[in-house]
Amino acid sequence: MIFGNVENLEEYSFLDQAIKECFEYAKKNDLMAFENKSHEIDGDRIFVNIVEYETKDEDQRFWEAHKKYLDIHLMLDGEEEIGLNFLKNMTVKDYVDEDDFLSMDGDKNSSVVLSKGDFLVCFPNDCHMTAIKVGDSQKIKKAIFKVKIS
């Protein structure tokens with residue numbers, strides 16, 4: 001996984017071109033004005049899901065990972081904690097192929113707090129638990145770019 005802020009993208013010149021395309025798309029578009037839904041960027045190769053939700057207590061959230069797509073969580077407004085661990089440390093449950101959703105149980109190894117402009121890139125072995133409240137529950141808006149793994 002990679003945790004950073006869009007103000008420092010020059011430090012990430014090593015990133016795959018498809019990941020760079022997501023940041024370029026975010027730079028050229030007002031994602032805050034986007035409707036909460038999935039938006040195609042390049043067919044099924046790259047798309048972005050715009051989401052808004054209330055953050056919650058950790059015990060109300062769930063673990064996930066993905067096999068076909070990597071996630072780039074880009075915080076647009078608000079603040080949320082994301083719990084993290086590696087797949088090898090978790091008890092893997094069901095995989096839903098059509099949703100590219102792998103569920104699991106386990107404990108968090110670490111976490112990050114995403115604030116406006118922060119991003120988190122999650123690869124297939126990076127389990128994540130999103131929407132954990134930081135302090136009080138709050139409504140957040142986030143872009144989740146999905147990049148097909150070749």
# chains A, B, ... in the order shown; residues from 1 in each chain; ligands from 1
call {"tool": "residues_around", "arguments": {"residues": "Val112 in chain A", "least_positions_apart": "6", "cutoff": "8 Å", "atoms": "only C-alpha atoms", "output": "ChimeraX atom specification"}}
result
/A:3,81-84
call {"tool": "select_by_dssp", "arguments": {"residues": "range 1-147 of chain A", "states": "alpha helix (DSSP H)", "output": "number ranges by chain"}}
result
A: 17-28
call {"tool": "write_last_selection", "arguments": {"atoms": "all heavy atoms", "output": "compact mmCIF listing (two decimals), in the first residue's frame"}}
result
# COMPACT_ATOMS: atom_id res chain seq x y z
N GLN A 17 1.82 3.80 -14.73
CA GLN A 17 1.17 4.83 -15.55
C GLN A 17 -0.34 4.91 -15.32
O GLN A 17 -0.91 5.99 -15.28
CB GLN A 17 1.46 4.59 -17.04
CG GLN A 17 0.90 5.66 -17.96
CD GLN A 17 1.42 7.07 -17.63
OE1 GLN A 17 2.57 7.25 -17.26
NE2 GLN A 17 0.55 8.06 -17.77
N ALA A 18 -0.99 3.78 -15.12
CA ALA A 18 -2.44 3.79 -14.89
C ALA A 18 -2.79 4.51 -13.59
O ALA A 18 -3.80 5.22 -13.52
CB ALA A 18 -2.98 2.36 -14.87
N ILE A 19 -1.96 4.37 -12.56
CA ILE A 19 -2.19 5.08 -11.31
C ILE A 19 -2.01 6.58 -11.53
O ILE A 19 -2.81 7.40 -11.06
CB ILE A 19 -1.26 4.56 -10.20
CG1 ILE A 19 -1.57 3.10 -9.89
CG2 ILE A 19 -1.39 5.43 -8.94
CD1 ILE A 19 -0.61 2.43 -8.92
N LYS A 20 -0.99 6.94 -12.27
CA LYS A 20 -0.75 8.35 -12.58
C LYS A 20 -1.93 8.95 -13.35
O LYS A 20 -2.29 10.11 -13.15
CB LYS A 20 0.53 8.51 -13.39
CG LYS A 20 1.78 8.23 -12.61
CD LYS A 20 3.00 8.38 -13.53
CE LYS A 20 4.27 8.02 -12.85
NZ LYS A 20 5.43 8.11 -13.75
N GLU A 21 -2.55 8.16 -14.23
CA GLU A 21 -3.71 8.62 -14.98
C GLU A 21 -4.86 9.00 -14.05
O GLU A 21 -5.59 9.97 -14.30
CB GLU A 21 -4.19 7.54 -15.96
CG GLU A 21 -3.30 7.34 -17.15
CD GLU A 21 -3.76 6.19 -18.03
OE1 GLU A 21 -4.98 6.13 -18.35
OE2 GLU A 21 -2.92 5.35 -18.39
N CYS A 22 -5.02 8.27 -12.96
CA CYS A 22 -6.07 8.57 -11.99
C CYS A 22 -5.83 9.93 -11.34
O CYS A 22 -6.76 10.74 -11.21
CB CYS A 22 -6.15 7.48 -10.93
SG CYS A 22 -6.64 5.87 -11.57
N PHE A 23 -4.61 10.18 -10.94
CA PHE A 23 -4.29 11.47 -10.31
C PHE A 23 -4.43 12.61 -11.32
O PHE A 23 -4.89 13.70 -10.96
CB PHE A 23 -2.89 11.46 -9.71
CG PHE A 23 -2.79 10.59 -8.49
CD1 PHE A 23 -1.88 9.55 -8.43
CD2 PHE A 23 -3.61 10.81 -7.39
CE1 PHE A 23 -1.78 8.75 -7.30
CE2 PHE A 23 -3.52 10.02 -6.25
CZ PHE A 23 -2.60 8.99 -6.21
N GLU A 24 -4.09 12.37 -12.56
CA GLU A 24 -4.25 13.39 -13.60
C GLU A 24 -5.73 13.68 -13.82
O GLU A 24 -6.14 14.83 -13.98
CB GLU A 24 -3.57 12.91 -14.89
CG GLU A 24 -3.25 13.97 -15.88
CD GLU A 24 -2.42 15.13 -15.34
OE1 GLU A 24 -1.50 14.93 -14.53
OE2 GLU A 24 -2.72 16.27 -15.72
N TYR A 25 -6.55 12.63 -13.82
CA TYR A 25 -7.99 12.79 -13.97
C TYR A 25 -8.55 13.63 -12.81
O TYR A 25 -9.37 14.53 -13.01
CB TYR A 25 -8.66 11.41 -14.02
CG TYR A 25 -10.13 11.45 -14.30
CD1 TYR A 25 -10.60 11.48 -15.61
CD2 TYR A 25 -11.07 11.46 -13.26
CE1 TYR A 25 -11.98 11.51 -15.87
CE2 TYR A 25 -12.43 11.49 -13.52
CZ TYR A 25 -12.87 11.51 -14.83
OH TYR A 25 -14.23 11.56 -15.09
N ALA A 26 -8.10 13.33 -11.60
CA ALA A 26 -8.57 14.08 -10.42
C ALA A 26 -8.16 15.55 -10.51
O ALA A 26 -8.92 16.43 -10.11
CB ALA A 26 -8.01 13.45 -9.15
N LYS A 27 -7.00 15.79 -11.04
CA LYS A 27 -6.50 17.17 -11.17
C LYS A 27 -7.31 17.97 -12.19
O LYS A 27 -7.57 19.16 -12.00
CB LYS A 27 -5.03 17.11 -11.60
CG LYS A 27 -4.32 18.43 -11.63
CD LYS A 27 -2.85 18.19 -12.01
CE LYS A 27 -2.11 19.49 -12.18
NZ LYS A 27 -0.72 19.25 -12.58
N LYS A 28 -7.76 17.31 -13.26
CA LYS A 28 -8.46 17.98 -14.35
C LYS A 28 -9.97 18.08 -14.15
O LYS A 28 -10.65 18.75 -14.91
CB LYS A 28 -8.19 17.26 -15.67
CG LYS A 28 -6.77 17.38 -16.15
CD LYS A 28 -6.56 16.63 -17.45
CE LYS A 28 -5.13 16.80 -17.95
NZ LYS A 28 -4.89 16.03 -19.16
call {"tool": "residues_around", "arguments": {"residues": "Met129 in chain A", "least_positions_apart": "3", "cutoff": "12 Å", "atoms": "only C-alpha atoms", "output": "ChimeraX atom specification"}}
result
/A:55-65,73,80-86,102-113,122,126,132-133
call {"tool": "atom_distance", "arguments": {"atom1": "CA of Ile41 in chain A", "atom2": "CA of Asp99 in chain A"}}
result
18.2 Å
call {"tool": "closest_residue", "arguments": {"among": "A:Met32, A:Val6, A:His128, A:Leu15", "to": "Leu76 in chain A", "atoms": "only C-alpha atoms"}}
result
A:Met32
call {"tool": "closest_residue", "arguments": {"among": "A:Leu70, A:Val121, A:Val147, A:Cys127", "to": "Tyr12 in chain A", "atoms": "only C-alpha atoms"}}
result
A:Val121
call {"tool": "closest_residue", "arguments": {"among": "A:Glu40, A:Asp136, A:Asp30, A:Glu98", "to": "Gly78 in chain A", "atoms": "only C-alpha atoms"}}
result
A:Asp136
call {"tool": "atom_distance", "arguments": {"atom1": "CA of Met75 in chain A", "atom2": "CA of Lys141 in chain A"}}
result
6.6 Å
call {"tool": "atom_distance", "arguments": {"atom1": "CA of Lys37 in chain A", "atom2": "CA of Lys146 in chain A"}}
result
12.8 Å
call {"tool": "residues_around", "arguments": {"residues": "Glu54 in chain A", "least_positions_apart": "5", "cutoff": "7 Å", "atoms": "only C-alpha atoms", "output": "list in words"}}
result
Ser137, Gln138, Lys139 and Ile140 of chain A
call {"tool": "select_by_dssp", "arguments": {"residues": "chain A", "states": "strand (DSSP E or B)", "output": "JSON, numbers by chain"}}
result
{"A": [2, 3, 4, 5, 38, 39, 40, 41, 42, 44, 46, 47, 48, 49, 50, 51, 52, 53, 54, 56, 63, 64, 65, 69, 70, 71, 72, 73, 74, 75, 76, 77, 80, 81, 82, 83, 84, 85, 86, 91, 92, 93, 94, 95, 96, 101, 102, 103, 104, 105, 110, 111, 112, 113, 114, 118, 119, 120, 121, 122, 126, 127, 128, 129, 130, 131, 132, 134, 136, 139, 140, 141, 142, 143, 144, 145, 146, 147, 148]}
call {"tool": "closest_residue", "arguments": {"among": "A:Ile50, A:Asp16, A:Thr130, A:Asn125", "to": "Asn89 in chain A", "atoms": "only C-alpha atoms"}}
result
A:Asn125
call {"tool": "decode", "arguments": {"residues": "range 101-137 of chain A", "atoms": "N, CA and C atoms", "output": "PDB file, in the first residue's frame"}}
result
ATOM      1  N   PHE A 101     -15.002  -8.503  -4.704  1.00  0.00           N
ATOM      2  CA  PHE A 101     -15.052  -8.214  -3.270  1.00  0.00           C
ATOM      3  C   PHE A 101     -14.676  -9.461  -2.474  1.00  0.00           C
ATOM      4  N   LEU A 102     -13.571  -9.359  -1.764  1.00  0.00           N
ATOM      5  CA  LEU A 102     -13.110 -10.443  -0.900  1.00  0.00           C
ATOM      6  C   LEU A 102     -13.318 -10.007   0.545  1.00  0.00           C
ATOM      7  N   SER A 103     -14.097 -10.787   1.303  1.00  0.00           N
ATOM      8  CA  SER A 103     -14.333 -10.465   2.710  1.00  0.00           C
ATOM      9  C   SER A 103     -13.442 -11.336   3.590  1.00  0.00           C
ATOM     10  N   MET A 104     -13.199 -10.860   4.790  1.00  0.00           N
ATOM     11  CA  MET A 104     -12.323 -11.559   5.710  1.00  0.00           C
ATOM     12  C   MET A 104     -12.580 -11.098   7.132  1.00  0.00           C
ATOM     13  N   ASP A 105     -11.994 -11.807   8.062  1.00  0.00           N
ATOM     14  CA  ASP A 105     -12.029 -11.431   9.469  1.00  0.00           C
ATOM     15  C   ASP A 105     -10.587 -11.314   9.951  1.00  0.00           C
ATOM     16  N   GLY A 106     -10.402 -10.505  10.974  1.00  0.00           N
ATOM     17  CA  GLY A 106      -9.080 -10.365  11.565  1.00  0.00           C
ATOM     18  C   GLY A 106      -8.953  -9.034  12.279  1.00  0.00           C
ATOM     19  N   ASP A 107      -7.782  -8.805  12.781  1.00  0.00           N
ATOM     20  CA  ASP A 107      -7.488  -7.590  13.526  1.00  0.00           C
ATOM     21  C   ASP A 107      -6.690  -6.629  12.661  1.00  0.00           C
ATOM     22  N   LYS A 108      -6.744  -5.364  13.024  1.00  0.00           N
ATOM     23  CA  LYS A 108      -5.955  -4.407  12.265  1.00  0.00           C
ATOM     24  C   LYS A 108      -4.505  -4.448  12.729  1.00  0.00           C
ATOM     25  N   ASN A 109      -3.637  -4.274  11.779  1.00  0.00           N
ATOM     26  CA  ASN A 109      -2.199  -4.233  12.004  1.00  0.00           C
ATOM     27  C   ASN A 109      -1.781  -2.787  12.226  1.00  0.00           C
ATOM     28  N   SER A 110      -2.428  -1.882  11.477  1.00  0.00           N
ATOM     29  CA  SER A 110      -2.164  -0.450  11.579  1.00  0.00           C
ATOM     30  C   SER A 110      -3.345   0.283  10.967  1.00  0.00           C
ATOM     31  N   SER A 111      -3.237   1.596  10.904  1.00  0.00           N
ATOM     32  CA  SER A 111      -4.296   2.382  10.270  1.00  0.00           C
ATOM     33  C   SER A 111      -3.717   3.701   9.796  1.00  0.00           C
ATOM     34  N   VAL A 112      -4.468   4.353   8.911  1.00  0.00           N
ATOM     35  CA  VAL A 112      -4.136   5.704   8.463  1.00  0.00           C
ATOM     36  C   VAL A 112      -5.399   6.542   8.595  1.00  0.00           C
ATOM     37  N   VAL A 113      -5.203   7.838   8.714  1.00  0.00           N
ATOM     38  CA  VAL A 113      -6.320   8.765   8.705  1.00  0.00           C
ATOM     39  C   VAL A 113      -6.209   9.568   7.419  1.00  0.00           C
ATOM     40  N   LEU A 114      -7.251   9.502   6.603  1.00  0.00           N
ATOM     41  CA  LEU A 114      -7.291  10.266   5.363  1.00  0.00           C
ATOM     42  C   LEU A 114      -8.018  11.577   5.610  1.00  0.00           C
ATOM     43  N   SER A 115      -7.359  12.680   5.266  1.00  0.00           N
ATOM     44  CA  SER A 115      -7.946  14.012   5.265  1.00  0.00           C
ATOM     45  C   SER A 115      -7.937  14.499   3.827  1.00  0.00           C
ATOM     46  N   LYS A 116      -8.555  15.648   3.589  1.00  0.00           N
ATOM     47  CA  LYS A 116      -8.667  16.181   2.231  1.00  0.00           C
ATOM     48  C   LYS A 116      -7.311  16.170   1.520  1.00  0.00           C
ATOM     49  N   GLY A 117      -7.300  15.545   0.324  1.00  0.00           N
ATOM     50  CA  GLY A 117      -6.092  15.475  -0.488  1.00  0.00           C
ATOM     51  C   GLY A 117      -5.231  14.254  -0.231  1.00  0.00           C
ATOM     52  N   ASP A 118      -5.491  13.537   0.852  1.00  0.00           N
ATOM     53  CA  ASP A 118      -4.732  12.318   1.139  1.00  0.00           C
ATOM     54  C   ASP A 118      -5.239  11.183   0.264  1.00  0.00           C
ATOM     55  N   PHE A 119      -4.340  10.259  -0.038  1.00  0.00           N
ATOM     56  CA  PHE A 119      -4.731   9.083  -0.808  1.00  0.00           C
ATOM     57  C   PHE A 119      -4.096   7.835  -0.216  1.00  0.00           C
ATOM     58  N   LEU A 120      -4.726   6.705  -0.512  1.00  0.00           N
ATOM     59  CA  LEU A 120      -4.230   5.404  -0.110  1.00  0.00           C
ATOM     60  C   LEU A 120      -4.406   4.463  -1.296  1.00  0.00           C
ATOM     61  N   VAL A 121      -3.308   3.883  -1.754  1.00  0.00           N
ATOM     62  CA  VAL A 121      -3.356   2.893  -2.836  1.00  0.00           C
ATOM     63  C   VAL A 121      -3.310   1.521  -2.190  1.00  0.00           C
ATOM     64  N   CYS A 122      -4.325   0.706  -2.456  1.00  0.00           N
ATOM     65  CA  CYS A 122      -4.414  -0.643  -1.899  1.00  0.00           C
ATOM     66  C   CYS A 122      -4.275  -1.663  -3.025  1.00  0.00           C
ATOM     67  N   PHE A 123      -3.301  -2.547  -2.870  1.00  0.00           N
ATOM     68  CA  PHE A 123      -3.044  -3.623  -3.811  1.00  0.00           C
ATOM     69  C   PHE A 123      -3.782  -4.879  -3.338  1.00  0.00           C
ATOM     70  N   PRO A 124      -3.798  -5.960  -4.125  1.00  0.00           N
ATOM     71  CA  PRO A 124      -4.604  -7.135  -3.772  1.00  0.00           C
ATOM     72  C   PRO A 124      -4.334  -7.745  -2.393  1.00  0.00           C
ATOM     73  N   ASN A 125      -3.133  -7.644  -1.875  1.00  0.00           N
ATOM     74  CA  ASN A 125      -2.846  -8.211  -0.554  1.00  0.00           C
ATOM     75  C   ASN A 125      -3.039  -7.226   0.584  1.00  0.00           C
ATOM     76  N   ASP A 126      -3.534  -6.037   0.262  1.00  0.00           N
ATOM     77  CA  ASP A 126      -3.759  -4.994   1.263  1.00  0.00           C
ATOM     78  C   ASP A 126      -5.222  -4.990   1.694  1.00  0.00           C
ATOM     79  N   CYS A 127      -5.494  -5.560   2.846  1.00  0.00           N
ATOM     80  CA  CYS A 127      -6.855  -5.572   3.384  1.00  0.00           C
ATOM     81  C   CYS A 127      -7.122  -4.222   4.017  1.00  0.00           C
ATOM     82  N   HIS A 128      -8.334  -3.731   3.832  1.00  0.00           N
ATOM     83  CA  HIS A 128      -8.675  -2.427   4.373  1.00  0.00           C
ATOM     84  C   HIS A 128     -10.091  -2.409   4.927  1.00  0.00           C
ATOM     85  N   MET A 129     -10.260  -1.609   5.977  1.00  0.00           N
ATOM     86  CA  MET A 129     -11.551  -1.392   6.611  1.00  0.00           C
ATOM     87  C   MET A 129     -11.776   0.119   6.586  1.00  0.00           C
ATOM     88  N   THR A 130     -12.706   0.560   5.767  1.00  0.00           N
ATOM     89  CA  THR A 130     -12.928   1.985   5.568  1.00  0.00           C
ATOM     90  C   THR A 130     -14.014   2.529   6.500  1.00  0.00           C
ATOM     91  N   ALA A 131     -14.199   3.837   6.442  1.00  0.00           N
ATOM     92  CA  ALA A 131     -15.327   4.535   7.079  1.00  0.00           C
ATOM     93  C   ALA A 131     -15.318   4.496   8.600  1.00  0.00           C
ATOM     94  N   ILE A 132     -14.137   4.376   9.196  1.00  0.00           N
ATOM     95  CA  ILE A 132     -14.035   4.410  10.654  1.00  0.00           C
ATOM     96  C   ILE A 132     -13.974   5.875  11.086  1.00  0.00           C
ATOM     97  N   LYS A 133     -14.760   6.209  12.082  1.00  0.00           N
ATOM     98  CA  LYS A 133     -14.816   7.607  12.510  1.00  0.00           C
ATOM     99  C   LYS A 133     -13.535   8.023  13.230  1.00  0.00           C
ATOM    100  N   VAL A 134     -13.203   9.292  13.038  1.00  0.00           N
ATOM    101  CA  VAL A 134     -12.097   9.930  13.741  1.00  0.00           C
ATOM    102  C   VAL A 134     -12.761  10.938  14.671  1.00  0.00           C
ATOM    103  N   GLY A 135     -12.764  10.668  15.958  1.00  0.00           N
ATOM    104  CA  GLY A 135     -13.521  11.514  16.882  1.00  0.00           C
ATOM    105  C   GLY A 135     -15.001  11.236  16.709  1.00  0.00           C
ATOM    106  N   ASP A 136     -15.748  12.275  16.351  1.00  0.00           N
ATOM    107  CA  ASP A 136     -17.188  12.113  16.121  1.00  0.00           C
ATOM    108  C   ASP A 136     -17.447  11.629  14.702  1.00  0.00           C
ATOM    109  N   SER A 137     -18.571  10.967  14.512  1.00  0.00           N
ATOM    110  CA  SER A 137     -19.003  10.548  13.187  1.00  0.00           C
ATOM    111  C   SER A 137     -19.195  11.791  12.313  1.00  0.00           C
TER     112      SER A 137
END
